[in-house]
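Enquirer: Enclosed is the structure file protein35.txt (compact mmCIF, C-alpha atoms).
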```
# COMPACT_ATOMS: atom_id res chain seq x y z
CA MET A 1295 168.21 81.56 127.96
CA ARG A 1296 168.12 77.90 128.93
CA ILE A 1297 170.13 76.98 131.96
CA ASP A 1298 172.21 74.44 130.04
CA ALA A 1299 173.11 77.05 127.43
CA ARG A 1300 174.00 79.54 130.14
CA ASN A 1301 176.15 76.97 131.92
CA LEU A 1302 177.96 76.16 128.70
CA LEU A 1303 178.65 79.84 128.02
CA ASP A 1304 179.91 80.24 131.59
CA ARG A 1305 182.27 77.29 131.16
CA LEU A 1306 183.54 78.74 127.90
CA GLY A 1307 183.98 82.14 129.49
CA ARG A 1308 181.84 83.77 126.81
CA ASN A 1309 178.55 85.55 126.77
CA GLU A 1310 177.46 84.73 123.25
CA PHE A 1311 177.82 82.42 120.31
CA ALA A 1312 178.57 83.70 116.85
CA TYR A 1313 177.21 81.71 113.94
CA ARG A 1314 180.20 81.86 111.66
CA GLU A 1315 180.00 78.31 110.45
CA PHE A 1316 177.02 79.09 108.24
CA GLU A 1317 178.76 79.95 105.01
CA ASP A 1318 176.89 80.54 101.81
CA ARG A 1319 178.08 78.76 98.73
CA PHE A 1320 177.85 80.75 95.57
CA SER A 1321 175.11 78.43 94.33
CA ASP A 1322 173.08 79.44 97.39
CA LEU A 1323 173.31 83.08 96.59
CA GLU A 1324 170.90 83.22 93.71
CA LEU A 1325 169.12 86.51 94.05
CA TRP A 1326 165.68 86.30 95.54
CA PRO A 1327 163.11 87.73 93.11
CA LEU A 1328 161.86 90.08 95.82
CA LEU A 1329 165.33 91.58 96.28
CA GLU A 1330 165.73 91.88 92.55
CA ALA A 1331 162.39 93.71 92.33
CA LEU A 1332 163.41 96.04 95.15
CA LEU A 1333 166.74 96.82 93.54
CA ARG A 1334 164.88 97.96 90.44
CA ASP A 1335 162.68 100.34 92.44
CA PRO A 1336 164.02 103.88 92.04
CA ARG A 1337 162.48 104.99 95.33
CA LEU A 1338 165.22 103.14 97.17
CA GLN A 1339 167.70 105.67 95.78
CA THR A 1340 166.08 108.29 98.01
CA LEU A 1341 168.49 107.37 100.76
CA ASP A 1342 171.44 108.20 98.50
CA GLN A 1343 169.97 111.64 97.89
CA SER A 1344 169.47 112.24 101.58
CA PRO A 1345 172.33 114.11 103.29
CA ALA A 1346 174.43 112.33 105.86
CA GLU A 1347 177.45 113.59 107.69
CA THR A 1348 180.48 111.53 108.55
CA PRO A 1349 183.10 112.49 111.09
CA ALA A 1350 186.37 113.87 109.79
CA LEU A 1351 188.23 110.79 110.98
CA GLN A 1352 188.43 108.41 108.05
CA THR A 1353 190.64 105.46 107.24
CA ASP A 1354 191.28 103.71 103.97
CA ASN A 1355 189.02 100.78 104.67
CA SER A 1356 187.92 99.29 101.41
CA ASP A 1357 185.11 97.32 102.99
CA GLN A 1358 183.58 100.54 104.20
CA VAL A 1359 184.05 102.00 100.75
CA LEU A 1360 181.99 99.17 99.37
CA ALA A 1361 179.38 99.53 102.10
CA ALA A 1362 179.08 103.24 101.51
CA GLU A 1363 178.77 102.94 97.77
CA PRO A 1364 175.68 104.77 96.55
CA LEU A 1365 172.78 102.56 95.66
CA LYS A 1366 172.66 104.03 92.18
CA ASN A 1367 176.05 102.45 91.52
CA LEU A 1368 174.57 99.13 92.45
CA PHE A 1369 171.94 99.72 89.80
CA SER A 1370 174.69 100.44 87.35
CA ARG A 1371 176.33 97.16 88.15
CA TYR A 1372 173.07 95.36 87.78
CA GLU A 1373 172.76 96.86 84.35
CA GLN A 1374 176.30 95.64 83.49
CA GLN A 1375 177.72 99.12 83.17
CA SER A 1376 181.28 100.04 83.93
CA VAL A 1377 182.76 99.28 87.30
CA LEU A 1378 183.62 102.38 89.32
CA PRO A 1379 187.24 102.74 90.42
CA SER A 1380 186.14 102.98 94.05
CA ILE A 1381 184.96 99.40 94.07
CA ALA A 1382 187.77 98.03 91.89
CA LYS A 1383 190.37 98.28 94.63
CA PRO A 1384 192.63 95.30 95.24
CA VAL A 1385 190.71 94.08 98.27
CA VAL A 1386 187.81 93.18 96.01
CA GLU A 1387 188.82 89.80 94.77
CA GLU A 1388 187.18 90.18 91.41
CA PRO A 1389 185.32 92.98 89.66
CA VAL A 1390 181.85 93.35 91.09
CA ARG A 1391 179.65 93.31 88.02
CA ASP A 1392 176.20 92.57 89.29
CA VAL A 1393 174.07 92.06 92.34
CA ARG A 1394 174.89 88.37 92.61
CA ALA A 1395 178.58 89.19 92.72
CA MET A 1396 177.88 91.82 95.34
CA LEU A 1397 176.04 89.32 97.50
CA ARG A 1398 178.84 86.80 97.02
CA HIS A 1399 181.35 89.40 98.15
CA LEU A 1400 179.24 90.23 101.20
CA SER A 1401 178.92 86.55 101.97
CA ASP A 1402 182.69 86.11 101.79
CA LEU A 1403 183.16 89.02 104.16
CA GLY A 1404 180.58 87.54 106.50
CA ALA A 1405 182.24 84.13 106.41
CA ARG A 1406 185.51 85.77 107.40
CA GLY A 1407 183.72 87.60 110.18
CA GLU A 1408 184.56 90.98 108.66
CA ILE A 1409 181.01 92.29 108.50
CA MET B 407 166.85 118.21 125.48
CA PRO B 408 167.16 116.45 122.14
CA MET B 409 164.49 114.14 120.81
CA ILE B 410 164.96 110.72 119.25
CA VAL B 411 162.04 109.27 117.32
CA CYS B 412 161.72 105.48 117.21
CA HIS B 413 159.47 104.48 114.35
CA GLY B 414 159.59 101.53 112.00
CA PRO B 415 157.69 100.77 108.81
CA LYS B 416 156.00 97.63 110.07
CA GLY B 417 154.53 96.43 113.32
CA GLY B 418 156.18 93.60 115.18
CA THR B 419 159.74 94.53 114.28
CA GLY B 420 160.66 95.39 117.87
CA ASN B 421 160.40 99.17 117.73
CA THR B 422 159.27 99.45 121.35
CA PHE B 423 162.00 97.07 122.49
CA VAL B 424 164.60 99.24 120.78
CA ALA B 425 163.09 102.46 122.18
CA ALA B 426 163.12 101.07 125.70
CA HIS B 427 166.69 99.83 125.49
CA LEU B 428 167.96 102.99 123.81
CA ALA B 429 166.53 104.80 126.82
CA MET B 430 168.36 102.44 129.17
CA GLY B 431 171.59 102.70 127.19
CA LEU B 432 171.55 106.49 127.06
CA SER B 433 170.63 106.62 130.73
CA ALA B 434 173.62 104.40 131.48
CA GLN B 435 175.77 106.94 129.63
CA GLY B 436 174.62 109.64 132.00
CA ALA B 437 171.67 111.16 130.19
CA GLU B 438 168.44 112.02 131.94
CA VAL B 439 165.93 110.22 129.79
CA THR B 440 162.18 110.49 129.29
CA VAL B 441 160.34 108.00 127.10
CA ILE B 442 156.91 108.80 125.70
CA SER B 443 154.67 106.16 124.27
CA VAL B 444 152.06 107.52 121.87
CA ALA B 445 150.49 104.11 121.22
CA ALA B 446 146.87 103.46 122.02
CA ARG B 447 147.83 99.97 123.12
CA ASP B 448 151.08 100.23 124.92
CA SER B 449 153.69 97.53 125.59
CA LEU B 450 156.44 99.90 126.73
CA PRO B 451 156.08 99.13 130.47
CA LEU B 452 156.76 95.44 129.83
CA HIS B 453 160.29 96.17 128.63
CA PHE B 454 160.96 97.87 131.96
CA GLY B 455 159.81 94.86 133.95
CA LEU B 456 156.50 96.45 134.88
CA SER B 457 153.13 94.78 135.12
CA PRO B 458 150.90 94.84 132.03
CA ALA B 459 148.35 96.68 134.19
CA THR B 460 150.72 99.64 134.47
CA SER B 461 149.21 102.81 133.07
CA LEU B 462 151.79 105.41 132.18
CA PRO B 463 151.03 109.00 133.19
CA ALA B 464 150.51 111.66 130.56
CA ILE B 465 153.44 113.87 129.71
CA THR B 466 151.60 116.74 131.34
CA ALA B 467 150.97 114.84 134.60
CA PRO B 468 152.65 116.22 137.73
CA ALA B 469 155.96 114.83 138.87
CA ASP B 470 154.43 113.00 141.82
CA GLU B 471 152.55 110.76 139.37
CA ALA B 472 155.68 109.85 137.43
CA VAL B 473 156.66 106.26 136.74
CA LEU B 474 160.42 106.07 137.11
CA VAL B 475 162.46 102.96 136.35
CA GLY B 476 166.18 103.22 136.92
CA GLY B 477 165.86 106.98 136.67
CA ILE B 478 164.05 106.80 133.33
CA ASN B 479 160.79 108.74 133.22
CA LEU B 480 158.03 106.80 131.45
CA ARG B 481 155.18 108.85 130.00
CA SER B 482 152.36 108.59 127.49
CA TRP B 483 150.38 110.83 125.17
CA ARG B 484 147.79 108.70 123.49
CA ARG B 485 146.11 111.44 121.51
CA ALA B 486 149.36 112.60 119.95
CA SER B 487 148.32 111.67 116.41
CA GLU B 488 145.34 114.05 116.39
CA ASP B 489 146.82 116.61 118.75
CA LEU B 490 148.18 119.42 116.58
CA ASP B 491 149.61 121.05 119.68
CA PHE B 492 151.77 118.03 120.52
CA VAL B 493 154.89 119.25 118.75
CA PRO B 494 154.56 122.85 120.04
CA MET B 495 154.01 121.43 123.52
CA LEU B 496 157.22 119.42 123.32
CA SER B 497 159.00 122.52 122.10
CA ASP B 498 157.61 124.55 125.01
CA LEU B 499 158.83 121.85 127.37
CA GLY B 500 162.30 122.33 125.92
CA TYR B 501 162.68 118.96 124.26
CA PHE B 502 164.23 120.09 120.98
CA GLN B 503 167.53 121.47 122.22
CA PRO B 504 170.82 119.58 121.77
CA GLY B 505 172.69 118.24 124.76
CA LYS B 506 173.07 115.10 126.81
CA GLU B 507 171.59 116.37 130.03
CA ARG B 508 168.04 115.45 129.14
CA VAL B 509 166.85 113.25 126.30
CA LEU B 510 163.37 112.50 125.01
CA LEU B 511 162.62 109.24 123.22
CA VAL B 512 159.28 108.89 121.45
CA ASP B 513 157.98 105.40 120.70
CA VAL B 514 155.74 105.81 117.65
CA PRO B 515 153.70 102.85 116.37
CA SER B 516 154.30 101.86 112.77
CA GLY B 517 150.87 103.01 111.61
CA GLU B 518 151.37 106.55 112.85
CA THR B 519 153.41 107.64 109.84
CA ARG B 520 152.15 111.22 109.72
CA LEU B 521 152.91 111.79 113.38
CA ALA B 522 156.34 110.23 112.94
CA ARG B 523 157.14 112.54 110.06
CA ARG B 524 156.01 115.59 112.04
CA LEU B 525 158.23 114.58 114.93
CA VAL B 526 161.26 113.62 112.84
CA GLU B 527 161.45 117.20 111.53
CA HIS B 528 162.42 118.27 115.04
CA ALA B 529 164.42 115.21 116.12
CA CYS B 530 168.16 114.78 116.33
CA ALA B 531 167.72 111.20 115.14
CA HIS B 532 165.11 108.86 113.73
CA VAL B 533 165.84 105.25 114.60
CA CYS B 534 164.03 102.99 112.15
CA THR B 535 163.83 99.43 113.41
CA ILE B 536 163.30 96.80 110.76
CA ASN B 537 163.85 93.10 110.47
CA ALA B 538 165.38 91.18 107.61
CA GLN B 539 162.15 89.45 106.66
CA PRO B 540 160.88 89.87 103.11
CA ASP B 541 157.53 91.41 104.05
CA THR B 542 159.38 94.20 105.86
CA LEU B 543 161.90 94.72 103.07
CA ALA B 544 159.05 94.96 100.58
CA LEU B 545 157.73 98.05 102.39
CA LEU B 546 160.96 100.02 102.15
CA PRO B 547 160.39 101.60 98.72
CA GLN B 548 157.01 102.90 99.89
CA VAL B 549 158.52 104.21 103.10
CA PHE B 550 161.38 105.91 101.27
CA GLY B 551 159.04 107.37 98.68
CA GLU B 552 156.72 108.83 101.31
CA ALA B 553 159.51 110.27 103.45
CA GLY B 554 161.59 111.73 100.62
CA ALA B 555 165.22 112.73 100.92
CA GLU B 556 164.52 115.40 103.55
CA GLY B 557 162.42 113.03 105.62
CA LEU B 558 165.22 110.48 105.66
CA ALA B 559 167.94 112.99 106.50
CA ARG B 560 168.17 111.98 110.16
CA THR B 561 167.22 108.33 109.73
CA ALA B 562 169.38 105.47 110.92
CA PHE B 563 168.45 101.81 110.66
CA VAL B 564 168.55 98.91 113.07
CA ILE B 565 168.01 95.28 112.10
CA ASN B 566 166.20 93.52 114.91
CA ALA B 567 165.66 89.84 115.65
CA LEU B 568 168.28 88.79 113.13
CA ASP B 569 168.66 85.05 112.74
CA GLU B 570 171.87 84.47 110.84
CA THR B 571 171.38 80.74 110.90
CA ARG B 572 168.74 81.23 108.20
CA ARG B 573 169.79 81.85 104.63
CA LEU B 574 167.03 84.32 103.86
CA GLY B 575 167.84 86.23 107.03
CA ARG B 576 171.49 86.51 106.02
CA HIS B 577 170.61 87.65 102.53
CA GLY B 578 168.04 90.13 103.80
CA ALA B 579 170.60 91.58 106.19
CA ALA B 580 173.18 91.80 103.40
CA PHE B 581 170.64 93.68 101.29
CA ILE B 582 169.98 96.15 104.12
CA ARG B 583 173.71 96.67 104.69
CA GLU B 584 174.17 97.51 101.03
CA LEU B 585 171.13 99.77 101.03
CA ALA B 586 171.79 101.68 104.24
CA GLY B 587 175.60 101.80 104.37
CA GLN B 588 176.65 103.89 107.38
CA ARG B 589 173.02 104.54 108.22
CA LEU B 590 172.83 100.96 109.49
CA ILE B 591 173.95 101.47 113.06
CA GLY B 592 173.61 97.92 114.27
CA ARG B 593 171.86 94.61 114.33
CA ILE B 594 170.22 92.82 117.20
CA ARG B 595 170.44 89.09 117.09
CA MET B 596 167.43 86.89 117.70
CA ASP B 597 167.36 86.05 121.37
CA GLU B 598 164.71 84.07 123.17
CA ALA B 599 165.68 85.83 126.37
CA VAL B 600 163.82 88.95 125.16
CA PRO B 601 160.29 87.49 125.30
CA GLU B 602 161.26 85.37 128.30
CA ALA B 603 162.20 88.49 130.25
CA ILE B 604 158.80 90.01 129.46
CA ALA B 605 157.07 86.81 130.50
CA THR B 606 158.86 86.88 133.83
CA LEU B 607 158.10 90.58 134.32
CA GLN B 608 161.77 91.39 134.56
CA MET B 609 164.03 93.74 132.70
CA LEU B 610 166.20 91.95 130.17
CA GLY B 611 169.39 93.08 131.88
CA ARG B 612 168.25 91.47 135.11
CA TYR B 613 166.77 88.31 133.61
CA ALA B 614 169.61 87.57 131.21
CA PRO B 615 172.67 89.79 131.73
CA ALA B 616 174.54 87.74 129.10
CA SER B 617 171.82 88.20 126.49
CA VAL B 618 173.26 88.81 123.02
CA ALA B 619 170.29 91.03 122.19
CA LEU B 620 171.11 93.13 125.22
CA SER B 621 174.75 93.60 124.25
CA ASP B 622 173.74 94.38 120.66
CA VAL B 623 171.22 97.04 121.63
CA GLN B 624 173.69 98.56 124.10
CA GLN B 625 176.13 99.05 121.22
CA ILE B 626 173.37 100.72 119.24
CA ALA B 627 172.75 103.15 122.10
CA GLN B 628 176.44 104.06 121.97
CA ALA B 629 176.15 104.65 118.23
CA VAL B 630 173.18 106.96 118.71
CA ALA B 631 174.77 109.03 121.48
CA PRO B 632 176.83 111.34 119.19
CA THR B 633 173.64 112.68 117.62
CA LEU B 634 172.48 114.15 120.93
CA ASP B 635 174.85 117.07 120.58
CA SER B 636 174.20 117.53 116.88
CA THR B 637 172.58 120.64 115.47
CA SER B 638 172.88 119.32 111.92
CA SER B 639 169.87 118.48 109.80
CA ALA B 640 171.65 115.32 108.63
CA TRP B 641 172.39 112.03 110.33
CA VAL B 642 175.82 112.07 111.92
CA ALA B 643 177.49 108.70 111.65
CA PRO B 644 179.41 107.63 114.73
CA VAL B 645 183.19 107.67 114.39
CA SER B 646 183.38 103.94 114.92
CA LEU B 647 181.19 103.38 111.89
CA ALA B 648 182.98 105.86 109.70
CA ALA B 649 186.44 104.54 110.51
```
Mind turning the file's structure into structure tokens?

Expert:
Amino acid sequence: MRIDARNLLDRLGRNEFAYREFEDRFSDLELWPLLEALLRDPRLQTLDQSPAETPALQTDNSDQVLAAEPLKNLFSRYEQQSVLPSIAKPVVEEPVRDVRAMLRHLSDLGARGEI
Amino acid sequence: MPMIVCHGPKGGTGNTFVAAHLAMGLSAQGAEVTVISVAARDSLPLHFGLSPATSLPAITAPADEAVLVGGINLRSWRRASEDLDFVPMLSDLGYFQPGKERVLLVDVPSGETRLARRLVEHACAHVCTINAQPDTLALLPQVFGEAGAEGLARTAFVINALDETRRLGRHGAAFIRELAGQRLIGRIRMDEAVPEAIATLQMLGRYAPASVALSDVQQIAQAVAPTLDSTSSAWVAPVSLAA
């Protein structure tokens, strides 16, 4: 780390900067063709089929519900199928119908520093 | 003595950096840690502030030849990929039992996929270090297809060298978050202090105690710790991630 950056952090009493000013506008969130191709690859669903254990302690955190949503549901959204109740909770500002909407939602969460 | 396998799908993603700092983080939590590098060309010593001329002793070498850094035992086994007795040897040495007293981390190069899969079968965790770059993301379907559901059972993901000032980096990270869910146990932000520490032959914690990469990877070590006591065949998400 450069000495001037370190001095500035010392003066601010912090040990890091967080880049929260870089917000994505919806027009910036056009899906990259590579990501679209990957989302269509069924091999990525392997992780959904793989067992994972979660501790008993759970809270009703809708963001985590969205994060934990199986990838196959994301495919369903991409294909404009019905929205599952689990992702239609009030915290989601609008129904998540496709990948672009999902990315927009993630971007909003990131802009608010929630992910 | 549980085993953690560090293996990523692509070279240059920082797998050895993560392995080294997981070792330091778990050691700081009280574990007695051994790290084995199975790479023919080994950069592990550099992350411990050692000279590039350092040659790590074999895992079978006597204790008086050990290279210890901060209590962490650094070892190598360069013929691991063709050594069919490697896994039985680790078992004989007691490295597959749960518990925090002694921990084995294996740094497996990206190209050694068969060895990684053999080891992951016996590991309490597989830490897969990736970055958010498109050429790495493009490999994921192949990696998932080769590993299968059973092979991914203990896998957790780490995003390394994340630059959130770049749009593609943010989108790539968002994609990984959606893909991995609770299996994504952390991200390590891009930090120039990491290569600078290597260039000065110092450990990152000494060269740049305020490094963001250092604090990020320390959090990841805390997220991995619960798996050390696990006897489950599945990845156990830390409470902090599940809550």

Enquirer: Restricting the calculation to only C-alpha atoms: of B:Arg612, B:Arg447, B:Arg508, B:Arg583, which residue gets closest to chain A?

Expert: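 Distance minimum relative to chain A lands on B:Arg583.
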
Enquirer: Identify, on the basis of only C-alpha atoms, every residue whose closest approach to stretch 413-417 of chain B does not exceed 9 Å; exclude the query and any residue fewer than 6 positions from it along the same chain; express the result as a ChimeraX atom specification.

Expert: /B:425,512-519,522,532-536,541-542,545-546,549,563

Enquirer: Using all atoms listed in the file, select each residue of chain B with any atom at most 9 Å away from an atom of chain A, and give the selection as a PyMOL selection string.

Expert: chain B and resi 540+543-544+546-551+553-560+570-574+576-578+580-581+583-589+597-599+602+613-618+638-645+647-649

Enquirer: Tell me, in Å to one decimal, how far atom CA of B:Phe502 is from atom CA of B:Asn566.

Expert: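 Separation of atom CA of B:Phe502 and atom CA of B:Asn566: 27.3 Å.
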
Enquirer: Could you state the separation of atom CA of B:Ser443 and atom CA of B:Ala486 in Å, given to one decimal place?

Expert: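 Interatomic distance here is 9.4 Å.
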
Enquirer: Just to confirm, what's the straight-line distance from atom CA of B:Val441 to atom CA of B:Asp498 in Å (one decimal)?

Expert: 16.9 Å
